[in-house]
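Trainee: Supplied in structure tokens, the structure appears directly below.
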Amino acid sequence: VQLQASGGGLVQAGDSLRLSCIASGPTFSMGWFRQAPGKEREFAAAINWSGDMSEYADSVRGRFTIARDSAKNTVYLRMTSLKPEDTAVYYCAAITNWARKEGAYWGKGTLVTVSS
């Protein structure tokens, strides 16, 4: 499975942005992760295969929404009320361990920069 994230860009604090992740093959649970400059990659959001269950990191809960369109093999991350600390490269991945939020099949990320 190959994953390609897109939709990043430069926005101002308080703005919204929607990221997309297209998968080349069948996927199951999917997640979004992010890596800020000088920091380790961290979990942001995950959605199960049927799309009826999702989880979020505390730092994004209430502001980010993950969704999927299985017919299009696409997962989305709607980000609102963006903050400068949301600046990071965002990656999508297949979730191989839901409890530990472990990902696999990392694709090329998309950069989100939030200016203050």
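Identifiers for the structure tokens are assigned positionally: chains receive A, B, ... in sequence, residues are indexed from 1 per chain, and ligands are indexed from 1 in the order shown.
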So that I can check the surroundings of Gly51 (chain A), please list as a list in words every protein, DNA and RNA residue that reaches within 12 Å of it, counting only C-alpha atoms and ignoring chain neighbours fewer than 4 positions away.
Mentor: Thr27, Phe28, Ser29, Met30, Gly31, Ala46, Ile47, Glu55, Thr65, Ile66, Ala67, Arg68, Asp69, Ser70, Ala71, Asn73, Thr74, Val75 and Tyr76 of chain A
Trainee: Please produce, as a Markdown table, a per-residue contact table for region 49-116 of chain A versus region 8-20 of chain A (criterion: any atom at most 7 Å away, only C-alpha atoms considered), showing the nearest atom pair and its distance in Å to one decimal, sorted by chain then residue number.
Mentor:
| residue | atom | partner | partner_atom | distance |
| --- | --- | --- | --- | --- |
| A:Thr74 | CA | A:Ser20 | CA | 6.7 |
| A:Val75 | CA | A:Ser20 | CA | 5.8 |
| A:Tyr76 | CA | A:Ser20 | CA | 4.5 |
| A:Leu77 | CA | A:Leu19 | CA | 5.0 |
| A:Arg78 | CA | A:Arg18 | CA | 4.4 |
| A:Met79 | CA | A:Leu17 | CA | 5.2 |
| A:Thr80 | CA | A:Ser16 | CA | 4.2 |
| A:Ser81 | CA | A:Gly14 | CA | 4.1 |
| A:Leu82 | CA | A:Gly14 | CA | 4.9 |
| A:Lys83 | CA | A:Ala13 | CA | 5.0 |
| A:Pro84 | CA | A:Ala13 | CA | 6.3 |
| A:Thr110 | CA | A:Gly8 | CA | 5.2 |
| A:Leu111 | CA | A:Gly8 | CA | 5.1 |
| A:Val112 | CA | A:Gly8 | CA | 4.8 |
| A:Thr113 | CA | A:Leu10 | CA | 4.7 |
| A:Val114 | CA | A:Val11 | CA | 5.0 |
| A:Ser115 | CA | A:Gln12 | CA | 4.7 |
| A:Ser116 | CA | A:Ala13 | CA | 5.3 |
Trainee: Could you save those same residues with N, CA and C atoms as a short mmCIF file (atom, residue, chain, number, x, y, z; two decimals), in the first residue's frame?
Mentor:
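And here is the file that came out, selection.cif:
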data_model
loop_
_atom_site.label_atom_id
_atom_site.label_comp_id
_atom_site.auth_asym_id
_atom_site.auth_seq_id
_atom_site.Cartn_x
_atom_site.Cartn_y
_atom_site.Cartn_z
N THR A 74 -9.67 7.26 0.45
CA THR A 74 -9.13 8.54 0.90
C THR A 74 -9.51 8.81 2.35
N VAL A 75 -8.55 9.31 3.08
CA VAL A 75 -8.76 9.73 4.47
C VAL A 75 -8.48 11.22 4.55
N TYR A 76 -9.30 11.92 5.31
CA TYR A 76 -9.17 13.37 5.42
C TYR A 76 -8.88 13.76 6.86
N LEU A 77 -8.25 14.92 7.01
CA LEU A 77 -8.07 15.51 8.32
C LEU A 77 -8.47 16.98 8.21
N ARG A 78 -9.60 17.30 8.79
CA ARG A 78 -10.07 18.67 8.80
C ARG A 78 -9.51 19.34 10.05
N MET A 79 -8.76 20.40 9.85
CA MET A 79 -8.11 21.10 10.96
C MET A 79 -8.68 22.50 11.06
N THR A 80 -9.18 22.86 12.21
CA THR A 80 -9.73 24.18 12.44
C THR A 80 -9.03 24.84 13.63
N SER A 81 -9.23 26.13 13.76
CA SER A 81 -8.62 26.89 14.85
C SER A 81 -7.13 26.56 14.98
N LEU A 82 -6.46 26.60 13.86
CA LEU A 82 -5.05 26.21 13.85
C LEU A 82 -4.20 27.15 14.70
N LYS A 83 -3.19 26.57 15.33
CA LYS A 83 -2.28 27.30 16.19
C LYS A 83 -0.86 27.16 15.66
N PRO A 84 0.01 28.10 15.99
CA PRO A 84 1.41 27.97 15.54
C PRO A 84 2.04 26.63 15.95
N THR A 110 2.99 16.02 4.23
CA THR A 110 2.65 17.34 3.70
C THR A 110 2.87 18.37 4.81
N LEU A 111 3.52 19.47 4.45
CA LEU A 111 3.91 20.47 5.45
C LEU A 111 2.78 21.45 5.72
N VAL A 112 2.50 21.64 7.00
CA VAL A 112 1.54 22.64 7.44
C VAL A 112 2.31 23.66 8.28
N THR A 113 2.23 24.91 7.89
CA THR A 113 2.88 25.98 8.62
C THR A 113 1.83 26.98 9.06
N VAL A 114 1.78 27.22 10.36
CA VAL A 114 0.79 28.15 10.92
C VAL A 114 1.54 29.35 11.48
N SER A 115 1.28 30.50 10.91
CA SER A 115 1.93 31.72 11.38
C SER A 115 1.07 32.41 12.42
N SER A 116 1.73 33.11 13.33
CA SER A 116 1.00 33.78 14.42
C SER A 116 0.59 35.19 14.02
#
Trainee: Distance CA of Gly109 (chain A)-CA of Ala5 (chain A), one decimal place?
Mentor: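 CA of Ala5 (chain A) lies 5.5 Å from CA of Gly109 (chain A).
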Trainee: Where does DSSP see strand (DSSP E or B) in region 32-101 of chain A, if you list the residues as a CSV table (one decimal) with N, CA and C atoms, in the first residue's frame?
Mentor:
chain,number,residue,atom,x,y,z
A,32,TRP,N,-3.5,9.8,11.2
A,32,TRP,CA,-2.6,11.0,10.9
A,32,TRP,C,-1.6,11.2,12.0
A,33,PHE,N,-0.4,11.4,11.6
A,33,PHE,CA,0.7,11.7,12.6
A,33,PHE,C,1.3,13.0,12.1
A,34,ARG,N,2.1,13.6,13.0
A,34,ARG,CA,2.8,14.8,12.7
A,34,ARG,C,4.1,14.9,13.3
A,35,GLN,N,5.0,15.6,12.7
A,35,GLN,CA,6.3,15.8,13.2
A,35,GLN,C,6.7,17.3,13.1
A,42,GLU,N,4.5,12.3,16.3
A,42,GLU,CA,3.5,12.0,17.3
A,42,GLU,C,2.1,11.7,16.6
A,43,PHE,N,1.3,11.0,17.3
A,43,PHE,CA,0.0,10.6,16.8
A,43,PHE,C,-0.9,11.9,16.9
A,44,ALA,N,-1.8,12.0,15.9
A,44,ALA,CA,-2.8,13.1,15.9
A,44,ALA,C,-4.2,12.6,15.9
A,45,ALA,N,-4.5,11.7,15.0
A,45,ALA,CA,-5.9,11.2,14.9
A,45,ALA,C,-5.9,9.9,14.2
A,46,ALA,N,-6.9,9.1,14.5
A,46,ALA,CA,-7.1,7.8,13.9
A,46,ALA,C,-8.6,7.5,13.6
A,47,ILE,N,-8.8,6.7,12.6
A,47,ILE,CA,-10.2,6.3,12.3
A,47,ILE,C,-10.2,4.8,11.9
A,54,SER,N,-13.3,6.9,16.0
A,54,SER,CA,-12.1,7.7,15.8
A,54,SER,C,-11.5,8.1,17.2
A,55,GLU,N,-10.3,8.4,17.2
A,55,GLU,CA,-9.6,8.9,18.4
A,55,GLU,C,-8.7,10.0,18.0
A,56,TYR,N,-8.4,10.9,19.0
A,56,TYR,CA,-7.6,12.1,18.8
A,56,TYR,C,-6.6,12.2,19.9
A,61,ARG,N,-7.8,17.4,19.9
A,61,ARG,CA,-9.3,17.0,20.1
A,61,ARG,C,-10.1,18.3,20.2
A,64,PHE,N,-9.6,19.2,15.4
A,64,PHE,CA,-9.4,18.3,14.2
A,64,PHE,C,-10.4,17.3,14.1
A,65,THR,N,-10.8,16.9,12.8
A,65,THR,CA,-11.7,15.9,12.6
A,65,THR,C,-11.2,15.0,11.5
A,66,ILE,N,-11.2,13.7,11.8
A,66,ILE,CA,-10.7,12.7,10.8
A,66,ILE,C,-11.9,12.1,10.2
A,67,ALA,N,-11.9,11.8,8.9
A,67,ALA,CA,-13.0,11.2,8.2
A,67,ALA,C,-12.4,10.3,7.0
A,68,ARG,N,-13.2,9.4,6.5
A,68,ARG,CA,-12.7,8.7,5.4
A,68,ARG,C,-13.8,8.4,4.4
A,69,ASP,N,-13.4,8.3,3.1
A,69,ASP,CA,-14.3,7.9,2.0
A,69,ASP,C,-13.7,6.7,1.5
A,74,THR,N,-9.7,7.3,0.5
A,74,THR,CA,-9.1,8.5,0.9
A,74,THR,C,-9.5,8.8,2.4
A,75,VAL,N,-8.5,9.3,3.1
A,75,VAL,CA,-8.8,9.7,4.5
A,75,VAL,C,-8.5,11.2,4.5
A,76,TYR,N,-9.3,11.9,5.3
A,76,TYR,CA,-9.2,13.4,5.4
A,76,TYR,C,-8.9,13.8,6.9
A,77,LEU,N,-8.2,14.9,7.0
A,77,LEU,CA,-8.1,15.5,8.3
A,77,LEU,C,-8.5,17.0,8.2
A,78,ARG,N,-9.6,17.3,8.8
A,78,ARG,CA,-10.1,18.7,8.8
A,78,ARG,C,-9.5,19.3,10.0
A,79,MET,N,-8.8,20.4,9.9
A,79,MET,CA,-8.1,21.1,11.0
A,79,MET,C,-8.7,22.5,11.1
A,88,ALA,N,3.9,21.5,11.4
A,88,ALA,CA,4.6,20.2,11.4
A,88,ALA,C,4.4,19.6,10.0
A,89,VAL,N,5.1,18.6,9.7
A,89,VAL,CA,4.9,17.8,8.6
A,89,VAL,C,3.9,16.7,9.0
A,90,TYR,N,2.8,16.6,8.2
A,90,TYR,CA,1.7,15.7,8.6
A,90,TYR,C,1.8,14.5,7.7
A,91,TYR,N,1.8,13.3,8.3
A,91,TYR,CA,1.8,12.0,7.6
A,91,TYR,C,0.6,11.2,7.8
A,92,CYS,N,0.2,10.5,6.8
A,92,CYS,CA,-0.9,9.5,7.0
A,92,CYS,C,-0.2,8.1,7.0
A,93,ALA,N,-0.9,7.2,7.7
A,93,ALA,CA,-0.3,5.8,7.8
A,93,ALA,C,-1.5,4.9,8.1
A,94,ALA,N,-1.2,3.6,7.8
A,94,ALA,CA,-2.2,2.6,8.2
A,94,ALA,C,-1.9,2.3,9.7
A,95,ILE,N,-2.9,2.1,10.4
A,95,ILE,CA,-2.8,1.8,11.9
A,95,ILE,C,-2.7,0.3,12.0
A,96,THR,N,-1.6,-0.1,12.5
A,96,THR,CA,-1.3,-1.6,12.7
A,96,THR,C,-1.6,-2.1,14.1
A,97,ASN,N,-1.7,-1.1,15.0
A,97,ASN,CA,-2.0,-1.5,16.4
A,97,ASN,C,-2.8,-0.3,16.9
Trainee: Identify, with DSSP run on backbone atoms, the residues in chain A assigned to helix (DSSP H, G or I), and express the list as a list in words.
Mentor: Ser70, Ala71, Lys72, Pro84, Glu85 and Asp86 of chain A
Trainee: With only C-alpha atoms as the basis for distance, which of A:Gly7, A:Glu40, A:Lys72, A:Glu85 is at the shortest distance from Val60 (chain A)?
Mentor: A:Glu85
Trainee: Nearest to Pro26 (chain A): which of A:Ser59, A:Gln2, A:Asn48, A:Thr87 is it, counting only C-alpha atoms?
Mentor: A:Gln2
